[in-house]
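Q: Structure in structure tokens, see below.
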Amino acid sequence: MNFSKAKKKYTTARLYIEDYNHYTGELWLDFINANEFCYFNSMGDSDSIEQILDRYIPSMIYVRGIGKDAGLRHGSVLEVPMDRLSEFRSISKQRYKEEQRHEEERRYEEERYEVERRYEKQRYEEERMYEEERYEEEQRLPADVNMTVGGEAFLNLLNSESTKRIDYLSDFVYDDLYIAIGRLLNRYWEGPPCNLDKLKKSFDVKIWDVGQGNTNSISDGTNLTLFDIGCSKHFNKQEQQKIWNNHLNYVNAHDRPTLIISHWDVDHFNMLSCADDEFIKNLCCAFVPTICNTVMAKQLLYKLTKSCKYVRLIEPMRRDEPRHNHLHEIYKGTHFTMYTGECSTSKNNSGLALHVFGQNVSVFLTADHSNSQICDDMYNHYITNHELNIVVPHHGARCGVFGIPNSCNNKSAIISVGKNSYKHPLQEVIDNYTAAGFEVLRTDWERKDIDIKVH
């Protein structure tokens, strides 16, 4: 696949606000346009998209300590000068060179101190241990981050006259990477998720322990469906890969799994970067939402469409009520109902949700949908004499007014959560589910995957 090698100078970069933590002042950004990212990543040497078609390159920017009152919100966009952004990149590279030089000096000092007196060697040992601890801390750079920026420096950029703030994206960004994805989407899957459609009467739903992220699996021992494939965005590459490797034997014990990604938030899809091409080629089919606006999401969607034989892109439904976003049933089988949201500026509310059930037990896989969507469009249509289990939306965040009534059939409310600075799960959320008769289970307390038997 060849794209023009003609160099183009990009003067601005559009950055999507993936997350902004008001408690800690942490800001997570991702490029929207892949050509702009390539230009930035290569420091202006090339704008060819081919450099990210062959291998996954982390594209997120992590800003530490920007403050609690920066006036930012999740889902909005910043348009910043490319030269100012590239200055951060240059500083980052210069810091790396200085660290390399420091490491060489440290090794030289180590040799010198070996021949000096014992107390000096001991003093050096203490310094070395400090340096190793600092190095280990730096190695914890999240796996999906391309660059970290200090809060004060980025705040100066944010408040400059040359930076524009955009409430939300009105249209998709058709860059070269999106075009490459479109060229691969020539194999259209018309049917429902095949492994859900073939589920036996009894099966297991597993909520993986992935920290502040979401991965769930539905398996009857033969047919496997993965609903989301994400983990905490704070995990470094080693931690991310370890989780995936720990589940590989379980995944590989099934033939031709199905993959469903609820929405393109990082913590719901980032472990796809750990999966090799063999795993993706072995997928029977994949179902993903069309709202895929960041470079990281588009890179992994390209990886998916390149190797998976059948990928279905699901568009959100047209919205009829201005102030209410509903879920709509798009597939229904013997043991499952699959939903999609309506058009929204929020990826959370426009994504996919899943209800799986047997003769006596139901499980809601809610992703990050709102309570009103879950109560009005999932709870009101489930079989009321079923034992109800629910994966709590958004890791126990506040998702609107809670509306599930108290019932003796309410069984378990599982919260997929890990170390975080958002105070998740909120105590009021735990109290709401407890008052409704649910037993609240947390992956961070269990420290293992949580299994639900469906029959």
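Chain labels run A, B, ... following the order of the structure tokens; each chain numbers its residues from 1, and ligands are numbered from 1 in the order shown.
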Which residues of stretch 280-325 of chain A come within 12 Å of stretch 248-263 of chain A, and for each one, what is the closest pair of atoms and their distance in Å to one decimal, counting only C-alpha atoms, sorted by chain and residue number, as JSON lines?

A:
```
{"residue": "A:Ile280", "atom": "CA", "partner": "A:Pro257", "partner_atom": "CA", "distance": 9.2}
{"residue": "A:Lys281", "atom": "CA", "partner": "A:Arg256", "partner_atom": "CA", "distance": 8.7}
{"residue": "A:Asn282", "atom": "CA", "partner": "A:Arg256", "partner_atom": "CA", "distance": 5.2}
{"residue": "A:Leu283", "atom": "CA", "partner": "A:Arg256", "partner_atom": "CA", "distance": 4.8}
{"residue": "A:Cys284", "atom": "CA", "partner": "A:Arg256", "partner_atom": "CA", "distance": 4.8}
{"residue": "A:Cys285", "atom": "CA", "partner": "A:Thr258", "partner_atom": "CA", "distance": 5.3}
{"residue": "A:Ala286", "atom": "CA", "partner": "A:Leu259", "partner_atom": "CA", "distance": 4.6}
{"residue": "A:Phe287", "atom": "CA", "partner": "A:Ile260", "partner_atom": "CA", "distance": 4.7}
{"residue": "A:Val288", "atom": "CA", "partner": "A:Ile261", "partner_atom": "CA", "distance": 5.1}
{"residue": "A:Pro289", "atom": "CA", "partner": "A:His263", "partner_atom": "CA", "distance": 6.0}
{"residue": "A:Thr290", "atom": "CA", "partner": "A:His263", "partner_atom": "CA", "distance": 8.8}
{"residue": "A:Ile291", "atom": "CA", "partner": "A:His263", "partner_atom": "CA", "distance": 7.7}
{"residue": "A:Cys292", "atom": "CA", "partner": "A:His263", "partner_atom": "CA", "distance": 8.2}
{"residue": "A:Asn293", "atom": "CA", "partner": "A:His263", "partner_atom": "CA", "distance": 11.0}
{"residue": "A:Thr294", "atom": "CA", "partner": "A:His263", "partner_atom": "CA", "distance": 11.9}
{"residue": "A:Ala297", "atom": "CA", "partner": "A:His263", "partner_atom": "CA", "distance": 9.8}
{"residue": "A:Leu300", "atom": "CA", "partner": "A:Ile261", "partner_atom": "CA", "distance": 11.4}
{"residue": "A:Leu301", "atom": "CA", "partner": "A:Ile261", "partner_atom": "CA", "distance": 10.3}
{"residue": "A:Leu304", "atom": "CA", "partner": "A:Leu259", "partner_atom": "CA", "distance": 10.0}
{"residue": "A:Cys308", "atom": "CA", "partner": "A:Leu259", "partner_atom": "CA", "distance": 10.0}
{"residue": "A:Lys309", "atom": "CA", "partner": "A:Arg256", "partner_atom": "CA", "distance": 11.0}
{"residue": "A:Tyr310", "atom": "CA", "partner": "A:Thr258", "partner_atom": "CA", "distance": 10.0}
{"residue": "A:Val311", "atom": "CA", "partner": "A:Leu259", "partner_atom": "CA", "distance": 9.3}
{"residue": "A:Arg312", "atom": "CA", "partner": "A:Ile260", "partner_atom": "CA", "distance": 9.5}
{"residue": "A:Leu313", "atom": "CA", "partner": "A:Ile261", "partner_atom": "CA", "distance": 10.2}
{"residue": "A:Ile314", "atom": "CA", "partner": "A:Ser262", "partner_atom": "CA", "distance": 10.2}
{"residue": "A:Glu315", "atom": "CA", "partner": "A:His263", "partner_atom": "CA", "distance": 11.2}
{"residue": "A:Pro316", "atom": "CA", "partner": "A:His263", "partner_atom": "CA", "distance": 10.9}
```

Q: Can you tell me which residues surround A:Asn410 at a distance of at most 6 Å, considering only C-alpha atoms, apart from same-chain residues fewer than 2 positions away, and format the answer as a ChimeraX atom specification?

A: /A:387-388,407-408,437-438

Q: How would the residues just picked look written out with all heavy atoms as a PDB file, in the first residue's frame?

A:
```pdb
ATOM      1  N   GLU A 387     -31.926 -14.468  37.735  1.00  0.00           N
ATOM      2  CA  GLU A 387     -30.925 -13.933  38.654  1.00  0.00           C
ATOM      3  C   GLU A 387     -30.061 -12.948  37.866  1.00  0.00           C
ATOM      4  O   GLU A 387     -29.466 -13.313  36.851  1.00  0.00           O
ATOM      5  CB  GLU A 387     -30.079 -15.086  39.185  1.00  0.00           C
ATOM      6  CG  GLU A 387     -28.978 -14.716  40.126  1.00  0.00           C
ATOM      7  CD  GLU A 387     -28.127 -15.922  40.471  1.00  0.00           C
ATOM      8  OE1 GLU A 387     -28.541 -16.692  41.363  1.00  0.00           O
ATOM      9  OE2 GLU A 387     -27.059 -16.110  39.847  1.00  0.00           O
ATOM     10  N   LEU A 388     -30.028 -11.692  38.324  1.00  0.00           N
ATOM     11  CA  LEU A 388     -29.356 -10.643  37.555  1.00  0.00           C
ATOM     12  C   LEU A 388     -27.968 -10.340  38.104  1.00  0.00           C
ATOM     13  O   LEU A 388     -27.793 -10.045  39.286  1.00  0.00           O
ATOM     14  CB  LEU A 388     -30.190  -9.356  37.551  1.00  0.00           C
ATOM     15  CG  LEU A 388     -29.562  -8.149  36.838  1.00  0.00           C
ATOM     16  CD1 LEU A 388     -29.314  -8.452  35.363  1.00  0.00           C
ATOM     17  CD2 LEU A 388     -30.438  -6.910  36.985  1.00  0.00           C
ATOM     18  N   SER A 407     -34.611  -5.975  44.318  1.00  0.00           N
ATOM     19  CA  SER A 407     -35.234  -7.243  43.939  1.00  0.00           C
ATOM     20  C   SER A 407     -34.462  -8.388  44.553  1.00  0.00           C
ATOM     21  O   SER A 407     -33.231  -8.340  44.674  1.00  0.00           O
ATOM     22  CB  SER A 407     -35.259  -7.384  42.417  1.00  0.00           C
ATOM     23  OG  SER A 407     -35.620  -8.704  42.041  1.00  0.00           O
ATOM     24  N   CYS A 408     -35.188  -9.438  44.921  1.00  0.00           N
ATOM     25  CA  CYS A 408     -34.520 -10.619  45.467  1.00  0.00           C
ATOM     26  C   CYS A 408     -33.727 -11.351  44.399  1.00  0.00           C
ATOM     27  O   CYS A 408     -32.896 -12.205  44.705  1.00  0.00           O
ATOM     28  CB  CYS A 408     -35.553 -11.558  46.100  1.00  0.00           C
ATOM     29  SG  CYS A 408     -36.798 -12.149  44.939  1.00  0.00           S
ATOM     30  N   GLY A 437     -30.018  -4.653  46.552  1.00  0.00           N
ATOM     31  CA  GLY A 437     -29.954  -6.083  46.821  1.00  0.00           C
ATOM     32  C   GLY A 437     -28.800  -6.815  46.169  1.00  0.00           C
ATOM     33  O   GLY A 437     -28.715  -8.046  46.241  1.00  0.00           O
ATOM     34  N   PHE A 438     -27.889  -6.093  45.529  1.00  0.00           N
ATOM     35  CA  PHE A 438     -26.738  -6.723  44.887  1.00  0.00           C
ATOM     36  C   PHE A 438     -25.611  -6.956  45.896  1.00  0.00           C
ATOM     37  O   PHE A 438     -25.424  -6.170  46.834  1.00  0.00           O
ATOM     38  CB  PHE A 438     -26.179  -5.825  43.772  1.00  0.00           C
ATOM     39  CG  PHE A 438     -27.029  -5.740  42.543  1.00  0.00           C
ATOM     40  CD1 PHE A 438     -27.922  -4.689  42.367  1.00  0.00           C
ATOM     41  CD2 PHE A 438     -26.939  -6.696  41.541  1.00  0.00           C
ATOM     42  CE1 PHE A 438     -28.702  -4.587  41.236  1.00  0.00           C
ATOM     43  CE2 PHE A 438     -27.712  -6.613  40.400  1.00  0.00           C
ATOM     44  CZ  PHE A 438     -28.601  -5.552  40.244  1.00  0.00           C
TER      45      PHE A 438
END
```

Q: Please tabulate, as CSV, the residues of stretch 307-334 of chain A that come within 12 Å of stretch 351-356 of chain A, each with its closest pair of atoms and the distance in Å to one decimal, counting only C-alpha atoms and ordering rows by chain, then residue number upward.

A:
```
residue,atom,partner,partner_atom,distance
A:Leu313,CA,A:Leu352,CA,11.1
A:Ile314,CA,A:Leu352,CA,8.6
A:Glu315,CA,A:Gly351,CA,8.7
A:Pro316,CA,A:Gly351,CA,7.1
A:Met317,CA,A:Gly351,CA,10.0
A:Asn325,CA,A:Gly351,CA,11.0
A:His326,CA,A:Gly351,CA,10.8
A:Leu327,CA,A:Ala353,CA,8.2
A:His328,CA,A:Leu352,CA,9.4
A:Glu329,CA,A:Ala353,CA,9.4
A:Ile330,CA,A:Leu352,CA,9.6
A:Tyr331,CA,A:Leu354,CA,9.6
A:Lys332,CA,A:His355,CA,9.5
A:Gly333,CA,A:Val356,CA,9.3
A:Thr334,CA,A:Val356,CA,9.2
```

Q: Restricted to N, CA and C atoms, what would the selected residues look like written as a PDB file, in the first residue's frame?

A:
```pdb
ATOM      1  N   LEU A 313     -18.213  -2.826  11.212  1.00  0.00           N
ATOM      2  CA  LEU A 313     -18.278  -1.512  11.841  1.00  0.00           C
ATOM      3  C   LEU A 313     -19.743  -1.150  12.061  1.00  0.00           C
ATOM      4  N   ILE A 314     -20.087  -0.850  13.298  1.00  0.00           N
ATOM      5  CA  ILE A 314     -21.482  -0.584  13.645  1.00  0.00           C
ATOM      6  C   ILE A 314     -21.663   0.899  13.929  1.00  0.00           C
ATOM      7  N   GLU A 315     -22.545   1.520  13.168  1.00  0.00           N
ATOM      8  CA  GLU A 315     -22.826   2.942  13.348  1.00  0.00           C
ATOM      9  C   GLU A 315     -23.865   3.133  14.446  1.00  0.00           C
ATOM     10  N   PRO A 316     -23.745   4.209  15.229  1.00  0.00           N
ATOM     11  CA  PRO A 316     -24.793   4.502  16.220  1.00  0.00           C
ATOM     12  C   PRO A 316     -26.096   4.875  15.527  1.00  0.00           C
ATOM     13  N   MET A 317     -27.188   4.675  16.244  1.00  0.00           N
ATOM     14  CA  MET A 317     -28.503   4.993  15.688  1.00  0.00           C
ATOM     15  C   MET A 317     -28.759   6.505  15.717  1.00  0.00           C
ATOM     16  N   ASN A 325     -30.318   9.548  25.465  1.00  0.00           N
ATOM     17  CA  ASN A 325     -29.652   8.647  24.526  1.00  0.00           C
ATOM     18  C   ASN A 325     -30.071   7.216  24.852  1.00  0.00           C
ATOM     19  N   HIS A 326     -30.752   6.552  23.918  1.00  0.00           N
ATOM     20  CA  HIS A 326     -31.255   5.196  24.139  1.00  0.00           C
ATOM     21  C   HIS A 326     -30.288   4.160  23.584  1.00  0.00           C
ATOM     22  N   LEU A 327     -30.449   2.930  24.062  1.00  0.00           N
ATOM     23  CA  LEU A 327     -29.812   1.763  23.461  1.00  0.00           C
ATOM     24  C   LEU A 327     -30.821   1.079  22.546  1.00  0.00           C
ATOM     25  N   HIS A 328     -30.325   0.587  21.407  1.00  0.00           N
ATOM     26  CA  HIS A 328     -31.188  -0.093  20.437  1.00  0.00           C
ATOM     27  C   HIS A 328     -30.701  -1.513  20.220  1.00  0.00           C
ATOM     28  N   GLU A 329     -31.622  -2.431  20.189  1.00  0.00           N
ATOM     29  CA  GLU A 329     -31.304  -3.839  19.941  1.00  0.00           C
ATOM     30  C   GLU A 329     -30.894  -4.010  18.484  1.00  0.00           C
ATOM     31  N   ILE A 330     -29.694  -4.580  18.255  1.00  0.00           N
ATOM     32  CA  ILE A 330     -29.242  -4.796  16.876  1.00  0.00           C
ATOM     33  C   ILE A 330     -29.094  -6.277  16.532  1.00  0.00           C
ATOM     34  N   TYR A 331     -28.853  -7.125  17.527  1.00  0.00           N
ATOM     35  CA  TYR A 331     -28.814  -8.573  17.306  1.00  0.00           C
ATOM     36  C   TYR A 331     -29.481  -9.254  18.495  1.00  0.00           C
ATOM     37  N   LYS A 332     -30.190 -10.326  18.219  1.00  0.00           N
ATOM     38  CA  LYS A 332     -30.821 -11.098  19.289  1.00  0.00           C
ATOM     39  C   LYS A 332     -30.706 -12.574  18.937  1.00  0.00           C
ATOM     40  N   GLY A 333     -30.201 -13.359  19.890  1.00  0.00           N
ATOM     41  CA  GLY A 333     -30.074 -14.789  19.695  1.00  0.00           C
ATOM     42  C   GLY A 333     -30.702 -15.549  20.846  1.00  0.00           C
ATOM     43  N   THR A 334     -30.471 -16.832  20.881  1.00  0.00           N
ATOM     44  CA  THR A 334     -31.056 -17.680  21.921  1.00  0.00           C
ATOM     45  C   THR A 334     -30.571 -17.289  23.306  1.00  0.00           C
TER      46      THR A 334
END
```

Q: Which of these residues is nearest to A:Val363, using only C-alpha atoms: A:Asp204, A:Glu79, A:Asp449, A:Asp209?

A: A:Asp204

Q: Within 10 Å of stretch 70-77 of chain A, counting only C-alpha atoms, which residues qualify if same-chain residues fewer than 3 places away don't, as a compact mmCIF listing (two decimals) with N, CA and C atoms, in the first residue's frame?

A:
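Below is the file result-v2.txt, written as the result:
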```
# COMPACT_ATOMS: atom_id res chain seq x y z
N ARG A 14 -4.21 18.61 15.95
CA ARG A 14 -5.46 18.50 16.71
C ARG A 14 -5.33 17.35 17.69
N LEU A 15 -5.55 17.65 18.96
CA LEU A 15 -5.38 16.68 20.03
C LEU A 15 -6.72 16.43 20.72
N TYR A 16 -7.11 15.18 20.77
CA TYR A 16 -8.36 14.77 21.41
C TYR A 16 -8.11 14.57 22.90
N ILE A 17 -8.96 15.13 23.75
CA ILE A 17 -8.80 14.95 25.20
C ILE A 17 -9.41 13.60 25.58
N GLU A 18 -8.55 12.62 25.72
CA GLU A 18 -8.97 11.26 26.07
C GLU A 18 -9.44 11.20 27.52
N ASP A 19 -8.78 11.97 28.38
CA ASP A 19 -9.17 11.97 29.79
C ASP A 19 -8.55 13.19 30.47
N TYR A 20 -9.29 13.75 31.42
CA TYR A 20 -8.77 14.84 32.26
C TYR A 20 -9.23 14.56 33.68
N ASN A 21 -8.27 14.37 34.57
CA ASN A 21 -8.56 14.03 35.96
C ASN A 21 -8.52 15.30 36.80
N HIS A 22 -9.68 15.72 37.27
CA HIS A 22 -9.76 16.96 38.05
C HIS A 22 -9.09 16.81 39.42
N GLY A 25 -5.07 16.56 38.26
CA GLY A 25 -4.56 17.44 37.21
C GLY A 25 -3.85 16.68 36.10
N LEU A 27 -3.66 14.87 32.47
CA LEU A 27 -4.31 15.06 31.18
C LEU A 27 -3.76 14.05 30.19
N TRP A 28 -4.67 13.35 29.50
CA TRP A 28 -4.30 12.36 28.48
C TRP A 28 -4.83 12.84 27.13
N LEU A 29 -3.93 12.98 26.17
CA LEU A 29 -4.29 13.48 24.84
C LEU A 29 -3.88 12.48 23.78
N ASP A 30 -4.58 12.51 22.65
CA ASP A 30 -4.17 11.69 21.51
C ASP A 30 -4.40 12.49 20.24
N PHE A 31 -3.55 12.26 19.26
CA PHE A 31 -3.70 12.91 17.96
C PHE A 31 -4.97 12.41 17.28
N ILE A 32 -5.58 13.27 16.50
CA ILE A 32 -6.76 12.89 15.72
C ILE A 32 -6.36 12.51 14.30
N ILE A 66 -1.26 19.43 35.44
CA ILE A 66 -1.70 20.64 34.74
C ILE A 66 -2.61 21.49 35.62
N GLY A 67 -3.08 20.93 36.70
CA GLY A 67 -3.94 21.68 37.61
C GLY A 67 -5.38 21.23 37.54
N VAL A 80 -3.31 22.92 18.52
CA VAL A 80 -2.12 23.58 19.04
C VAL A 80 -1.08 23.74 17.93
N LEU A 155 0.51 24.11 30.28
CA LEU A 155 -0.48 25.12 30.61
C LEU A 155 -0.17 26.43 29.90
N LEU A 158 -1.42 25.90 26.50
CA LEU A 158 -2.88 25.88 26.51
C LEU A 158 -3.46 27.29 26.55
N ASN A 159 -2.80 28.17 27.29
CA ASN A 159 -3.31 29.54 27.47
C ASN A 159 -2.80 30.53 26.43
N LYS A 164 -6.35 26.76 20.03
CA LYS A 164 -7.81 26.84 19.91
C LYS A 164 -8.45 25.68 20.65
N ARG A 165 -9.60 25.94 21.25
CA ARG A 165 -10.37 24.90 21.91
C ARG A 165 -11.64 24.63 21.11
N ILE A 166 -11.89 23.35 20.83
CA ILE A 166 -13.05 22.94 20.05
C ILE A 166 -13.89 22.02 20.93
N ASP A 167 -15.19 22.31 21.02
CA ASP A 167 -16.05 21.56 21.93
C ASP A 167 -16.07 20.07 21.60
N TYR A 168 -16.27 19.75 20.34
CA TYR A 168 -16.28 18.34 19.94
C TYR A 168 -16.11 18.26 18.43
N LEU A 169 -15.83 17.07 17.94
CA LEU A 169 -15.66 16.87 16.51
C LEU A 169 -17.01 16.69 15.85
N THR A 345 -21.89 13.06 21.24
CA THR A 345 -20.52 13.54 21.34
C THR A 345 -19.71 12.67 22.30
N SER A 346 -20.39 11.79 23.05
CA SER A 346 -19.71 10.89 23.99
C SER A 346 -19.57 9.51 23.37
N LYS A 347 -18.33 9.02 23.29
CA LYS A 347 -18.10 7.65 22.81
C LYS A 347 -18.75 6.64 23.74
```

Q: What is the atom CA of A:Asn380 to atom CA of A:His395 distance in Å?

A: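 Separation of atom CA of A:Asn380 and atom CA of A:His395: 22.4 Å.
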
Q: Identify, with DSSP run on backbone atoms, the residues in stretch 207-245 of chain A assigned to alpha helix (DSSP H), and express the list as a PyMOL selection string.

A: chain A and resi 237-245
